[in-house]
Amino acid sequence: MHHRHRIYEGKAKIIFEGPEPGTYIQFFKDETTAFNAKKQAVIDGKGVLNNRISEYIFTQLERFGIPTHFIRRLNMREQIVHSVEIIPLEVVVRNIAAGSLARRFGLEEGSMLPRSIIEFYYKKDELGDPMVSEEHITAFGWAEAQEIEEIIVLAGRINDFLSGIFLSVGIRLVDFKLEFGRLWEGDMMCLVVADEISPDSARLWDIATNDKLDKDLFRFDMGGLIEAYKEVAQRLGIVNENRPSYPRGPVLVK
Ligand code: TMP
Ligand code: ASP
């Protein structure tokens with residue numbers, strides 16, 4: 001196999017040097033971790049599904065006018081992306097109380113939030129990704145105040161758009177995590193959505209049953225992760241294993 005220069009290896013993905021300057025190859029592994037890698041497993045086929053689901057979502061975001069790092073999918077496990085300078089923040093958008101928010105404030109899981117909430121976490125595994133405020137972000141120089149403002153606007157637009165896409169296939173977008181990067185073109189810098197958006201980085205519940213279709217199935221040993229990720233892909237109309245998608249995938253008005 002052609003040897004490629006490995007730039008970074010994370011818990012679920014590897015970043016290689018890309019075919020052209022300014023590009024990376026993002027490889028999706030089957031490694032599955034939770035609780036800052038205290039819990040680990042290899043789940044066959046997860047990387048393939050996340051590659052496809054993330055490709056689909058980033059392509060839709062681009063069509064909606066949201067800039068992303070995505071260029072094109074290369075194969076089953078890899079996509080070509082723009083090399084960006086990652087802002088070391090995990091931007092979490094929440095619509096419904098779940099996970100750490102429900103725990104922190106003693107909210108009932110599944111209760112509707114009064115409005116969508118955006119939170120920032122400092123991306124640092126050694127520290128367990130602590131929650132931070134805009135004060136920390138600007139004081140420590142992780143992002144400029146103006147960038148935070150732009151991130152908040154983008155995150156809100158992405159939330160509305162993705163909530164609609166998922167609703168149209170019978171899925172509630174409970175919460176999700178975004179990462180942003182700085183894409184330089186000459187002296188011009190543009191903030192783009194980076195990393196991935198997949199059932200690894202979002203909570204997705206079936207509207208009718210509230211069944212979980214995301215990584216919580218692994219976090220809480222509920223099983224059926226691959227089946228759930230396939231269900232998400234099928235409903236979005238990405239993969240059709242001999243059955244129609246739900247009912248035919250969301251329709252984008254062109
Ligand atoms: P949380 O409720 O555990 O804080 O997670 C909020 C959302 O962020 C959920 O959709 C899962 C996602 N997430 C990640 O993508 N990476 C992480 O490291 C964590 C903790 C959460
Ligand atoms: N992604 C984090 C980990 O690998 C946490 C999580 O998603 O639960 O541990």
# chains A, B, ... in the order shown; residues from 1 in each chain; ligands from 1

call {"tool": "residues_near_ligand", "arguments": {"ligand": "ligand 1", "cutoff": "9 Å", "atoms": "only C-alpha atoms and all ligand atoms", "output": "ChimeraX atom specification"}}
result
/A:34-36,90-94,97-103,119,121,123,125,128-129,173-178,196-204,214-216

call {"tool": "residues_around", "arguments": {"residues": "A:Arg4", "least_positions_apart": "3", "cutoff": "12 Å", "atoms": "only C-alpha atoms", "output": "ChimeraX atom specification"}}
result
/A:1,7-8,14-19,24-27

call {"tool": "write_last_selection", "arguments": {"atoms": "C-alpha atoms", "output": "compact mmCIF listing (two decimals), in the first residue's frame"}}
result
# COMPACT_ATOMS: atom_id res chain seq x y z
CA MET A 1 0.00 0.00 0.00
CA ILE A 7 -0.50 13.98 10.53
CA TYR A 8 -2.67 13.21 13.53
CA ILE A 14 -6.75 9.46 11.45
CA ILE A 15 -5.67 12.51 9.46
CA PHE A 16 -3.20 11.88 6.61
CA GLU A 17 -1.54 14.29 4.25
CA GLY A 18 -3.84 14.82 1.25
CA PRO A 19 -3.21 14.45 -2.49
CA TYR A 24 -5.90 16.19 4.26
CA ILE A 25 -7.37 12.73 4.09
CA GLN A 26 -9.71 11.97 6.97
CA PHE A 27 -9.88 8.23 7.71

call {"tool": "select_by_dssp", "arguments": {"residues": "stretch 73-205 of chain A", "states": "helix (DSSP H, G or I)", "output": "PyMOL selection string"}}
result
chain A and resi 99-105+125-127+134-139+145-167

call {"tool": "closest_residue", "arguments": {"among": "A:Lys124, A:Lys230, A:Arg219, A:Arg104", "to": "ligand 2", "atoms": "only C-alpha atoms and all ligand atoms"}}
result
A:Arg219

call {"tool": "select_by_dssp", "arguments": {"residues": "stretch 2-52 of chain A", "states": "strand (DSSP E)", "output": "list of chain:residue names"}}
result
A:Arg6, A:Ile7, A:Tyr8, A:Glu9, A:Lys13, A:Ile14, A:Ile15, A:Phe16, A:Glu17, A:Thr23, A:Tyr24, A:Ile25, A:Gln26, A:Phe27, A:Phe28, A:Glu31, A:Thr32, A:Thr33, A:Ala34, A:Lys39, A:Gln40, A:Ala41, A:Val42
